[in-house]
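The next block is my_file.pdb, given as PDB, C-alpha atoms, pLDDT in the B column.
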```
ATOM      1  CA  MET A   1      29.396   5.532  -3.584  1.00 42.00           C
ATOM      2  CA  VAL A   2      26.751   3.857  -1.425  1.00 42.00           C
ATOM      3  CA  ASP A   3      24.482   6.040   0.700  1.00 47.00           C
ATOM      4  CA  LYS A   4      25.471   5.192   4.291  1.00 45.00           C
ATOM      5  CA  SER A   5      21.845   5.238   5.496  1.00 48.00           C
ATOM      6  CA  ARG A   6      21.163   2.342   3.116  1.00 45.00           C
ATOM      7  CA  SER A   7      24.389   0.386   3.649  1.00 45.00           C
ATOM      8  CA  ASN A   8      22.802  -1.984   6.156  1.00 52.00           C
ATOM      9  CA  LEU A   9      20.349  -3.117   3.460  1.00 64.00           C
ATOM     10  CA  GLU A  10      23.208  -4.506   1.344  1.00 83.00           C
ATOM     11  CA  ILE A  11      22.083  -2.666  -1.761  1.00 90.00           C
ATOM     12  CA  ASP A  12      24.205  -0.387  -3.861  1.00 94.00           C
ATOM     13  CA  ASN A  13      23.648   2.420  -6.336  1.00 94.00           C
ATOM     14  CA  LEU A  14      22.951  -0.011  -9.205  1.00 96.00           C
ATOM     15  CA  ASP A  15      20.167  -1.616  -7.149  1.00 96.00           C
ATOM     16  CA  ILE A  16      18.764   1.839  -6.404  1.00 95.00           C
ATOM     17  CA  GLU A  17      18.873   2.746 -10.104  1.00 96.00           C
ATOM     18  CA  ILE A  18      17.042  -0.489 -11.005  1.00 96.00           C
ATOM     19  CA  LEU A  19      14.397   0.114  -8.335  1.00 95.00           C
ATOM     20  CA  SER A  20      13.928   3.732  -9.415  1.00 94.00           C
ATOM     21  CA  ILE A  21      13.307   2.733 -13.036  1.00 94.00           C
ATOM     22  CA  LEU A  22      10.830   0.011 -12.092  1.00 94.00           C
ATOM     23  CA  MET A  23       9.029   2.182  -9.532  1.00 92.00           C
ATOM     24  CA  ASN A  24       8.428   4.670 -12.336  1.00 89.00           C
ATOM     25  CA  ASP A  25       7.196   1.947 -14.733  1.00 91.00           C
ATOM     26  CA  ALA A  26       7.025  -1.651 -13.516  1.00 91.00           C
ATOM     27  CA  THR A  27       6.519  -2.887 -17.087  1.00 93.00           C
ATOM     28  CA  THR A  28      10.017  -1.811 -18.162  1.00 94.00           C
ATOM     29  CA  ALA A  29      11.800  -4.827 -19.634  1.00 95.00           C
ATOM     30  CA  TYR A  30      14.962  -5.996 -17.889  1.00 96.00           C
ATOM     31  CA  THR A  31      16.808  -5.716 -21.226  1.00 96.00           C
ATOM     32  CA  GLU A  32      15.787  -2.062 -21.490  1.00 96.00           C
ATOM     33  CA  ILE A  33      16.978  -1.404 -17.914  1.00 96.00           C
ATOM     34  CA  ALA A  34      20.259  -3.176 -18.676  1.00 96.00           C
ATOM     35  CA  LYS A  35      20.815  -0.999 -21.745  1.00 96.00           C
ATOM     36  CA  GLU A  36      20.070   2.190 -19.841  1.00 96.00           C
ATOM     37  CA  LEU A  37      22.395   1.244 -16.968  1.00 96.00           C
ATOM     38  CA  ILE A  38      25.062  -0.274 -19.245  1.00 96.00           C
ATOM     39  CA  VAL A  39      25.067  -3.728 -17.643  1.00 96.00           C
ATOM     40  CA  SER A  40      23.972  -7.167 -18.829  1.00 95.00           C
ATOM     41  CA  GLY A  41      20.398  -8.398 -18.682  1.00 94.00           C
ATOM     42  CA  GLY A  42      21.613 -11.224 -16.457  1.00 95.00           C
ATOM     43  CA  THR A  43      22.887  -8.669 -13.949  1.00 96.00           C
ATOM     44  CA  ILE A  44      19.418  -7.134 -13.728  1.00 96.00           C
ATOM     45  CA  HIS A  45      17.855 -10.578 -13.167  1.00 96.00           C
ATOM     46  CA  VAL A  46      20.378 -11.440 -10.432  1.00 96.00           C
ATOM     47  CA  ARG A  47      19.914  -8.071  -8.712  1.00 96.00           C
ATOM     48  CA  MET A  48      16.122  -8.333  -8.823  1.00 96.00           C
ATOM     49  CA  LYS A  49      16.204 -11.854  -7.376  1.00 95.00           C
ATOM     50  CA  LYS A  50      18.536 -10.682  -4.599  1.00 95.00           C
ATOM     51  CA  MET A  51      16.221  -7.786  -3.697  1.00 95.00           C
ATOM     52  CA  GLN A  52      13.177 -10.088  -3.740  1.00 95.00           C
ATOM     53  CA  ASP A  53      14.951 -12.552  -1.444  1.00 94.00           C
ATOM     54  CA  MET A  54      15.871  -9.672   0.899  1.00 93.00           C
ATOM     55  CA  GLY A  55      12.223  -8.578   1.050  1.00 93.00           C
ATOM     56  CA  ILE A  56      12.954  -5.168  -0.480  1.00 94.00           C
ATOM     57  CA  ILE A  57      10.704  -5.998  -3.430  1.00 94.00           C
ATOM     58  CA  LYS A  58       7.393  -7.369  -2.203  1.00 92.00           C
ATOM     59  CA  GLY A  59       5.772  -7.846  -5.604  1.00 88.00           C
ATOM     60  CA  SER A  60       4.285  -5.710  -8.330  1.00 86.00           C
ATOM     61  CA  ASN A  61       0.775  -4.421  -8.848  1.00 84.00           C
ATOM     62  CA  LEU A  62      -1.436  -3.309 -11.654  1.00 86.00           C
ATOM     63  CA  ILE A  63      -2.884   0.065 -10.654  1.00 88.00           C
ATOM     64  CA  ILE A  64      -6.400   0.807 -11.830  1.00 92.00           C
ATOM     65  CA  ASP A  65      -8.491   3.950 -11.453  1.00 94.00           C
ATOM     66  CA  PRO A  66     -11.328   2.829  -9.140  1.00 95.00           C
ATOM     67  CA  GLN A  67     -13.671   5.519 -10.499  1.00 95.00           C
ATOM     68  CA  LYS A  68     -13.316   4.153 -14.039  1.00 96.00           C
ATOM     69  CA  VAL A  69     -14.681   0.802 -12.836  1.00 97.00           C
ATOM     70  CA  GLY A  70     -17.561   2.222 -10.802  1.00 96.00           C
ATOM     71  CA  TYR A  71     -16.037   2.841  -7.359  1.00 97.00           C
ATOM     72  CA  ASP A  72     -16.619   6.559  -6.733  1.00 97.00           C
ATOM     73  CA  ILE A  73     -16.090   6.813  -2.963  1.00 98.00           C
ATOM     74  CA  CYS A  74     -12.714   6.805  -1.230  1.00 98.00           C
ATOM     75  CA  ALA A  75     -13.052   7.122   2.527  1.00 98.00           C
ATOM     76  CA  PHE A  76     -10.675   6.991   5.440  1.00 98.00           C
ATOM     77  CA  LEU A  77     -11.846   5.430   8.687  1.00 98.00           C
ATOM     78  CA  GLY A  78     -10.526   6.162  12.113  1.00 98.00           C
ATOM     79  CA  ILE A  79     -11.254   2.961  14.019  1.00 98.00           C
ATOM     80  CA  PHE A  80     -11.534   2.900  17.798  1.00 97.00           C
ATOM     81  CA  LEU A  81     -11.012  -0.467  19.485  1.00 96.00           C
ATOM     82  CA  GLU A  82     -12.661  -1.353  22.791  1.00 94.00           C
ATOM     83  CA  LYS A  83      -9.211  -2.441  23.998  1.00 92.00           C
ATOM     84  CA  GLY A  84      -5.818  -2.999  22.394  1.00 89.00           C
ATOM     85  CA  SER A  85      -5.942  -6.731  22.973  1.00 93.00           C
ATOM     86  CA  THR A  86      -8.679  -7.061  20.301  1.00 95.00           C
ATOM     87  CA  TYR A  87      -6.374  -5.703  17.576  1.00 96.00           C
ATOM     88  CA  ASN A  88      -5.283  -9.028  16.018  1.00 96.00           C
ATOM     89  CA  GLU A  89      -8.825 -10.395  15.863  1.00 97.00           C
ATOM     90  CA  ALA A  90     -10.127  -7.138  14.379  1.00 97.00           C
ATOM     91  CA  VAL A  91      -7.406  -7.175  11.706  1.00 98.00           C
ATOM     92  CA  GLU A  92      -8.305 -10.741  10.716  1.00 97.00           C
ATOM     93  CA  LYS A  93     -11.990  -9.797  10.347  1.00 98.00           C
ATOM     94  CA  LEU A  94     -11.112  -6.600   8.430  1.00 98.00           C
ATOM     95  CA  ARG A  95      -9.080  -8.700   5.951  1.00 98.00           C
ATOM     96  CA  ASP A  96     -12.413 -10.232   4.901  1.00 98.00           C
ATOM     97  CA  VAL A  97     -13.908  -6.818   4.053  1.00 98.00           C
ATOM     98  CA  LYS A  98     -12.822  -6.464   0.412  1.00 98.00           C
ATOM     99  CA  GLU A  99     -13.514  -2.721   0.381  1.00 98.00           C
ATOM    100  CA  VAL A 100     -10.726  -2.161   2.948  1.00 98.00           C
ATOM    101  CA  VAL A 101      -7.679  -1.572   0.735  1.00 97.00           C
ATOM    102  CA  GLU A 102      -5.265  -0.313   3.421  1.00 97.00           C
ATOM    103  CA  LEU A 103      -5.131  -0.715   7.175  1.00 98.00           C
ATOM    104  CA  HIS A 104      -2.659   0.810   9.601  1.00 98.00           C
ATOM    105  CA  TYR A 105      -2.150   0.307  13.339  1.00 96.00           C
ATOM    106  CA  CYS A 106      -1.396   3.812  14.541  1.00 95.00           C
ATOM    107  CA  THR A 107      -0.747   6.199  17.368  1.00 94.00           C
ATOM    108  CA  GLY A 108      -2.967   9.154  18.128  1.00 94.00           C
ATOM    109  CA  ALA A 109      -6.712   9.318  18.513  1.00 93.00           C
ATOM    110  CA  TYR A 110      -7.464   6.132  16.564  1.00 96.00           C
ATOM    111  CA  SER A 111      -6.364   2.559  17.169  1.00 96.00           C
ATOM    112  CA  MET A 112      -6.400   1.845  13.430  1.00 97.00           C
ATOM    113  CA  PHE A 113      -6.753   3.890  10.277  1.00 98.00           C
ATOM    114  CA  ALA A 114      -8.229   2.329   7.136  1.00 98.00           C
ATOM    115  CA  LYS A 115      -8.687   3.317   3.521  1.00 98.00           C
ATOM    116  CA  VAL A 116     -11.947   2.052   2.035  1.00 98.00           C
ATOM    117  CA  ILE A 117     -13.103   2.133  -1.606  1.00 98.00           C
ATOM    118  CA  CYS A 118     -16.853   1.855  -2.320  1.00 98.00           C
ATOM    119  CA  ARG A 119     -19.193   2.313  -5.284  1.00 98.00           C
ATOM    120  CA  ASP A 120     -21.298   5.047  -3.699  1.00 98.00           C
ATOM    121  CA  THR A 121     -22.488   6.354  -0.328  1.00 97.00           C
ATOM    122  CA  ALA A 122     -25.107   3.593   0.022  1.00 98.00           C
ATOM    123  CA  HIS A 123     -22.370   0.981  -0.457  1.00 98.00           C
ATOM    124  CA  LEU A 124     -20.165   2.803   2.088  1.00 98.00           C
ATOM    125  CA  ARG A 125     -23.029   2.908   4.606  1.00 98.00           C
ATOM    126  CA  LYS A 126     -23.604  -0.852   4.160  1.00 98.00           C
ATOM    127  CA  VAL A 127     -19.895  -1.648   4.585  1.00 98.00           C
ATOM    128  CA  LEU A 128     -19.675   0.525   7.702  1.00 98.00           C
ATOM    129  CA  ASN A 129     -22.893  -0.590   9.382  1.00 97.00           C
ATOM    130  CA  GLU A 130     -23.094  -4.243   8.421  1.00 97.00           C
ATOM    131  CA  GLU A 131     -19.459  -5.267   8.160  1.00 98.00           C
ATOM    132  CA  ILE A 132     -16.900  -3.037   9.887  1.00 98.00           C
ATOM    133  CA  GLN A 133     -18.901  -1.818  12.890  1.00 97.00           C
ATOM    134  CA  ALA A 134     -20.222  -5.366  13.427  1.00 97.00           C
ATOM    135  CA  ILE A 135     -16.704  -6.687  14.089  1.00 97.00           C
ATOM    136  CA  PRO A 136     -16.223  -7.670  17.744  1.00 96.00           C
ATOM    137  CA  GLY A 137     -13.770  -5.334  19.459  1.00 96.00           C
ATOM    138  CA  ILE A 138     -14.498  -2.317  17.239  1.00 97.00           C
ATOM    139  CA  GLN A 139     -16.080   0.296  19.469  1.00 96.00           C
ATOM    140  CA  ARG A 140     -16.801   2.948  16.833  1.00 96.00           C
ATOM    141  CA  THR A 141     -15.502   4.563  13.660  1.00 97.00           C
ATOM    142  CA  GLU A 142     -15.100   8.071  12.269  1.00 98.00           C
ATOM    143  CA  THR A 143     -15.365   8.494   8.515  1.00 98.00           C
ATOM    144  CA  ILE A 144     -13.583  11.032   6.333  1.00 98.00           C
ATOM    145  CA  ILE A 145     -14.588  11.055   2.668  1.00 98.00           C
ATOM    146  CA  SER A 146     -11.893  12.058   0.178  1.00 97.00           C
ATOM    147  CA  LEU A 147     -13.040  14.562  -2.436  1.00 97.00           C
ATOM    148  CA  GLU A 148      -9.899  14.266  -4.558  1.00 95.00           C
ATOM    149  CA  GLU A 149      -6.570  12.446  -4.483  1.00 94.00           C
ATOM    150  CA  SER A 150      -4.056  15.164  -5.239  1.00 95.00           C
ATOM    151  CA  ILE A 151      -0.779  13.283  -4.728  1.00 94.00           C
ATOM    152  CA  LYS A 152      -0.038   9.565  -4.824  1.00 90.00           C
ATOM    153  CA  ARG A 153       3.509   8.352  -5.255  1.00 88.00           C
ATOM    154  CA  GLN A 154       6.207   5.995  -4.128  1.00 87.00           C
ATOM    155  CA  ILE A 155       9.158   7.139  -2.050  1.00 90.00           C
ATOM    156  CA  THR A 156      12.101   8.540  -4.013  1.00 91.00           C
ATOM    157  CA  LEU A 157      15.286   6.496  -3.697  1.00 89.00           C
ATOM    158  CA  LYS A 158      17.694   8.797  -5.490  1.00 78.00           C
TER     159      LYS A 158
END
```
Transcribe the structure of this file into C-alpha cells.
Amino acid sequence: MVDKSRSNLEIDNLDIEILSILMNDATTAYTEIAKELIVSGGTIHVRMKKMQDMGIIKGSNLIIDPQKVGYDICAFLGIFLEKGSTYNEAVEKLRDVKEVVELHYCTGAYSMFAKVICRDTAHLRKVLNEEIQAIPGIQRTETIISLEESIKRQITLK
C-alpha cells in the first residue's frame, strides 16, 4: 500500500525501501539491496534511475569528520541583509566562501542562516571579517559556535 502523502511523487513502497537502505549506508551494493528486497538487481537500477530523473535523489556524498582533518570550529551565522533585494547577489558571493557548508533563506530575525566550518577561532574571525562581512548587501552577522553536534540524521521514510 502506498502512503497517500507520497502518492503525488510517483514512488511506491519498494522505492521507499531502496531509499531507506541507501540512506543508512550509501555504499550498499544494488545486488545486496535486491537480495534483501527479493527483486532483481535490474529492478534496483531502474528504480534508482527513475528516482534520479525525478530529482528525489540528488547525488551521494562521502561524509567526513571535519575535526579529524583539522577543522575544529562549527559555527552558525545569522546573516542580516541591508534589503531583501540583495539576496541573490549575496548568495552568489557566499558560494565562493568555501567554509560556508550550508546556507538557508529563512523567516524570523535573520535574512539567511549559514553553517560554517573553520580550523580554529582565528580562521573563523578571518572568514567573518574579511570574506562574509565584506560582501555587499550584508549588513551584519551574529555568530553561534556549536560545542557539540548531538544529532545528525536524514529524514525517516518508513
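What the PyMOL selection byres ((chain A and resi 117) around 7) matches in the given file is Tyr71, Ile73, Cys74, Ala75, Glu99, Val100, Val101, Lys115, Val116 and Cys118 of chain A.
Here atom CA of A:Tyr105 is placed at a distance of 22.1 Å from atom CA of A:Gly59.
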* Asked: What's the 12 Å shell around stretch 33-38 of chain A, counting only C-alpha atoms, without same-chain residues fewer than 5 positions away, as an NGL selection string?
  -> :A and (13-22 or 24-28 or 43-48)
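Of note, atom CA of A:Glu102 and atom CA of A:Pro136 are spaced 19.5 Å apart.
Atom CA of A:Leu77 is positioned 9.2 Å from atom CA of A:Leu103.
Of the listed residues (A:His123, A:His104, A:Phe76, A:Asn129), A:Phe76 comes nearest to A:Ser146; the distances count only C-alpha atoms.
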May I have the residues at most 10 Å from (-19.1, -6.9, 6.2) in the file's coordinates, counting only C-alpha atoms, as a compact mmCIF listing (two decimals) with C-alpha atoms, in the coordinates of the input?
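Saved as point-v1.txt:
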```txt
# COMPACT_ATOMS: atom_id res chain seq x y z
CA LYS A 93 -11.99 -9.80 10.35
CA LEU A 94 -11.11 -6.60 8.43
CA ASP A 96 -12.41 -10.23 4.90
CA VAL A 97 -13.91 -6.82 4.05
CA LYS A 98 -12.82 -6.46 0.41
CA GLU A 99 -13.51 -2.72 0.38
CA LYS A 126 -23.60 -0.85 4.16
CA VAL A 127 -19.90 -1.65 4.58
CA LEU A 128 -19.68 0.52 7.70
CA ASN A 129 -22.89 -0.59 9.38
CA GLU A 130 -23.09 -4.24 8.42
CA GLU A 131 -19.46 -5.27 8.16
CA ILE A 132 -16.90 -3.04 9.89
CA GLN A 133 -18.90 -1.82 12.89
CA ALA A 134 -20.22 -5.37 13.43
CA ILE A 135 -16.70 -6.69 14.09
```
* **Answer key for the PyMOL selection byres ((chain A and resi 56) around 12), residues as a PyMOL selection string** => chain A and resi 6+9-11+15-16+19+47-55+57-60
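For the choices A:Ser85, A:Arg119, A:Met112, A:Gln154, the atom-to-atom distance to A:Val69 is smallest for A:Arg119 when using only C-alpha atoms.
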Can you tell me, as lines of an AutoDock Vina configuration file, the centre and edge lengths (Å, one decimal) of the axis-aligned box enclosing all of stretch 11-17 of chain A's listed atoms after padding each side by 8 Å?
```
center_x = 21.5
center_y = 0.0
center_z = -5.9
size_x = 21.4
size_y = 21.4
size_z = 24.3
```
* To do: May I ask which of the residues A:Gly41, A:Tyr110, A:Glu148, A:Glu32 is the closest one to A:Glu82, counting all atoms listed in the file?
  => A:Tyr110
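Take the candidates A:Leu62, A:Leu147, A:Cys106, A:Gln67 and check each one against A:Tyr87 using only C-alpha atoms; the shortest distance goes to A:Cys106.
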* Name the closest residue to A:Gly70 among the candidates A:Thr143, A:Asp120, A:Leu157, A:Ala29; distances are taken between atoms, counting all atoms listed in the file. => A:Asp120
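Across A:Ala114, A:Gly137, A:Gly42, A:Gly108, the tightest approach to A:Glu89 is made by A:Gly137 when counting only C-alpha atoms.
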